[in-house]
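K.L.:
What follows is a structure written as structure tokens; I'll ask about it next.
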Amino acid sequence: MTRTRFFCVVLAAALSTGMALAKPNFSGDWKMDPAKSDFGPMPPPETLTMKIKHEEPAVEVKSHQVSVQGEMEGDSKYTTDGKECVNTIRSTEVKSTVTWEGEVLRMVSKLNFQGNDVTLDDKWTLSEDGKTLTIDRNISSAQGEFPMKTVLVKQ
């Protein structure tokens, strides 16, 4: 009886540890929900879609955005191990580090835009049902800081 109880406790601990170590997978085709998104002082895009391929530790993001500034496509690759990743968006070099904070994916990116150093601090969270991706972003530069929130729905 004692061995059985011990085995059950060890098995339960192993299963709960395995479940706690599982990270969200952001793979999928995503479309911005403009009603739930908030771009602060920035004009919101008319449309924003993201195709994400997430095979831990690699994350690939293909994005398409239409805004008052025109149409923009992006293709970025990251790793979640904290190593610096360098991508180019609209001829601007963006250096990012991506790490896990529990079930939140944190991406800190640095770039120079029109002579100004800018830091983008993103926190990606996935809803329990896996159908909503929320990206909370804090933008900071010499001109100040402001938050943004982009809510995307899985297609």
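Labeling convention for the structure tokens: chains A, B, ... as they appear, residues from 1 per chain, ligands from 1 in order of appearance.
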Within 12 Å of segment 36-52 of chain A, which residues of segment 62-154 of chain A show up? Give each one with its shortest atom-to-atom distance in Å (one decimal) and the two atoms involved, counting only C-alpha atoms, rows by chain then rising residue number, as JSON lines.
P.N.:
```
{"residue": "A:Lys62", "atom": "CA", "partner": "A:Lys51", "partner_atom": "CA", "distance": 5.1}
{"residue": "A:Ser63", "atom": "CA", "partner": "A:Met50", "partner_atom": "CA", "distance": 4.3}
{"residue": "A:His64", "atom": "CA", "partner": "A:Thr49", "partner_atom": "CA", "distance": 5.3}
{"residue": "A:Gln65", "atom": "CA", "partner": "A:Leu48", "partner_atom": "CA", "distance": 4.4}
{"residue": "A:Val66", "atom": "CA", "partner": "A:Thr47", "partner_atom": "CA", "distance": 5.3}
{"residue": "A:Ser67", "atom": "CA", "partner": "A:Pro45", "partner_atom": "CA", "distance": 4.4}
{"residue": "A:Val68", "atom": "CA", "partner": "A:Pro45", "partner_atom": "CA", "distance": 7.3}
{"residue": "A:Gln69", "atom": "CA", "partner": "A:Pro45", "partner_atom": "CA", "distance": 8.9}
{"residue": "A:Gly70", "atom": "CA", "partner": "A:Pro45", "partner_atom": "CA", "distance": 9.4}
{"residue": "A:Glu71", "atom": "CA", "partner": "A:Thr47", "partner_atom": "CA", "distance": 9.5}
{"residue": "A:Met72", "atom": "CA", "partner": "A:Leu48", "partner_atom": "CA", "distance": 9.5}
{"residue": "A:Glu73", "atom": "CA", "partner": "A:Thr49", "partner_atom": "CA", "distance": 9.7}
{"residue": "A:Gly74", "atom": "CA", "partner": "A:Met50", "partner_atom": "CA", "distance": 9.1}
{"residue": "A:Asp75", "atom": "CA", "partner": "A:Lys51", "partner_atom": "CA", "distance": 9.5}
{"residue": "A:Ser76", "atom": "CA", "partner": "A:Ile52", "partner_atom": "CA", "distance": 9.7}
{"residue": "A:Lys77", "atom": "CA", "partner": "A:Ile52", "partner_atom": "CA", "distance": 9.9}
{"residue": "A:Tyr78", "atom": "CA", "partner": "A:Ile52", "partner_atom": "CA", "distance": 11.1}
{"residue": "A:Thr132", "atom": "CA", "partner": "A:Lys36", "partner_atom": "CA", "distance": 10.8}
{"residue": "A:Leu133", "atom": "CA", "partner": "A:Met50", "partner_atom": "CA", "distance": 10.5}
{"residue": "A:Thr134", "atom": "CA", "partner": "A:Ser37", "partner_atom": "CA", "distance": 8.7}
{"residue": "A:Ile135", "atom": "CA", "partner": "A:Ser37", "partner_atom": "CA", "distance": 9.2}
{"residue": "A:Asp136", "atom": "CA", "partner": "A:Asp38", "partner_atom": "CA", "distance": 9.5}
{"residue": "A:Arg137", "atom": "CA", "partner": "A:Phe39", "partner_atom": "CA", "distance": 9.4}
{"residue": "A:Asn138", "atom": "CA", "partner": "A:Gly40", "partner_atom": "CA", "distance": 10.5}
{"residue": "A:Ile139", "atom": "CA", "partner": "A:Gly40", "partner_atom": "CA", "distance": 10.5}
{"residue": "A:Gly144", "atom": "CA", "partner": "A:Pro41", "partner_atom": "CA", "distance": 11.8}
{"residue": "A:Glu145", "atom": "CA", "partner": "A:Gly40", "partner_atom": "CA", "distance": 10.6}
{"residue": "A:Phe146", "atom": "CA", "partner": "A:Gly40", "partner_atom": "CA", "distance": 7.1}
{"residue": "A:Pro147", "atom": "CA", "partner": "A:Gly40", "partner_atom": "CA", "distance": 6.7}
{"residue": "A:Met148", "atom": "CA", "partner": "A:Phe39", "partner_atom": "CA", "distance": 4.7}
{"residue": "A:Lys149", "atom": "CA", "partner": "A:Asp38", "partner_atom": "CA", "distance": 5.0}
{"residue": "A:Thr150", "atom": "CA", "partner": "A:Ser37", "partner_atom": "CA", "distance": 4.6}
{"residue": "A:Val151", "atom": "CA", "partner": "A:Ser37", "partner_atom": "CA", "distance": 5.2}
{"residue": "A:Leu152", "atom": "CA", "partner": "A:Thr49", "partner_atom": "CA", "distance": 8.0}
{"residue": "A:Val153", "atom": "CA", "partner": "A:Thr49", "partner_atom": "CA", "distance": 9.4}
{"residue": "A:Lys154", "atom": "CA", "partner": "A:Met50", "partner_atom": "CA", "distance": 9.5}
```
K.L.:
Find the residues near segment 91-94 of chain A: any atom within 7 Å, counting only C-alpha atoms, skip ones fewer than 4 places away on the same chain, and give them as JSON, numbers by chain.
P.N.:
{"A": [86, 87, 109, 110, 111]}
K.L.:
Enumerate the residues of segment 51-149 of chain A with a DSSP assignment of strand (DSSP E or B), computed from the backbone, and present them as a ChimeraX atom specification.
P.N.:
/A:51-55,58-67,70-79,85-89,92-101,104-113,116-126,132-141,144-149
K.L.:
Chain A: which residues are alpha helix (DSSP H) by DSSP, as an MDAnalysis selection string?
P.N.:
chainID A and resid 2:21
K.L.:
For the contact check between segment 70-118 of chain A and segment 23-33 of chain A, emit one row per residue of segment 70-118 of chain A within 10 Å, containing the shortest atom pair and the distance in Å rounded to one decimal, counting only C-alpha atoms, chain then rising number order, as a tab-separated table.
P.N.:
```
residue	atom	partner	partner_atom	distance
A:Trp100	CA	A:Lys23	CA	8.4
A:Glu101	CA	A:Lys23	CA	10.0
A:Gly102	CA	A:Lys23	CA	7.9
A:Glu103	CA	A:Lys23	CA	5.7
A:Val104	CA	A:Pro24	CA	8.1
A:Leu105	CA	A:Pro24	CA	8.6
```
K.L.:
Using only C-alpha atoms, which residues sit within 12 Å of Thr99 of chain A once same-chain residues fewer than 4 positions away are excluded, as a ChimeraX atom specification?
P.N.:
/A:23,56-59,78-85,103-109,121-124
K.L.:
If I take atom CA of Ser140 of chain A and atom CA of Asn112 of chain A, how far is one from the other in Å, to one decimal?
P.N.:
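Going from atom CA of Ser140 of chain A over to atom CA of Asn112 of chain A covers 11.6 Å.
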K.L.:
Could you please determine the separation between atom CA of Gln143 of chain A and atom CA of Thr125 of chain A in Å, to one decimal place?
P.N.:
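Separating atom CA of Gln143 of chain A from atom CA of Thr125 of chain A is a distance of 27.6 Å.
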K.L.:
What is the atom CA of Gln155 of chain A-atom CA of Pro34 of chain A distance in Å, reported with one decimal?
P.N.:
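Rounded to one decimal, the two atoms are 14.8 Å apart.
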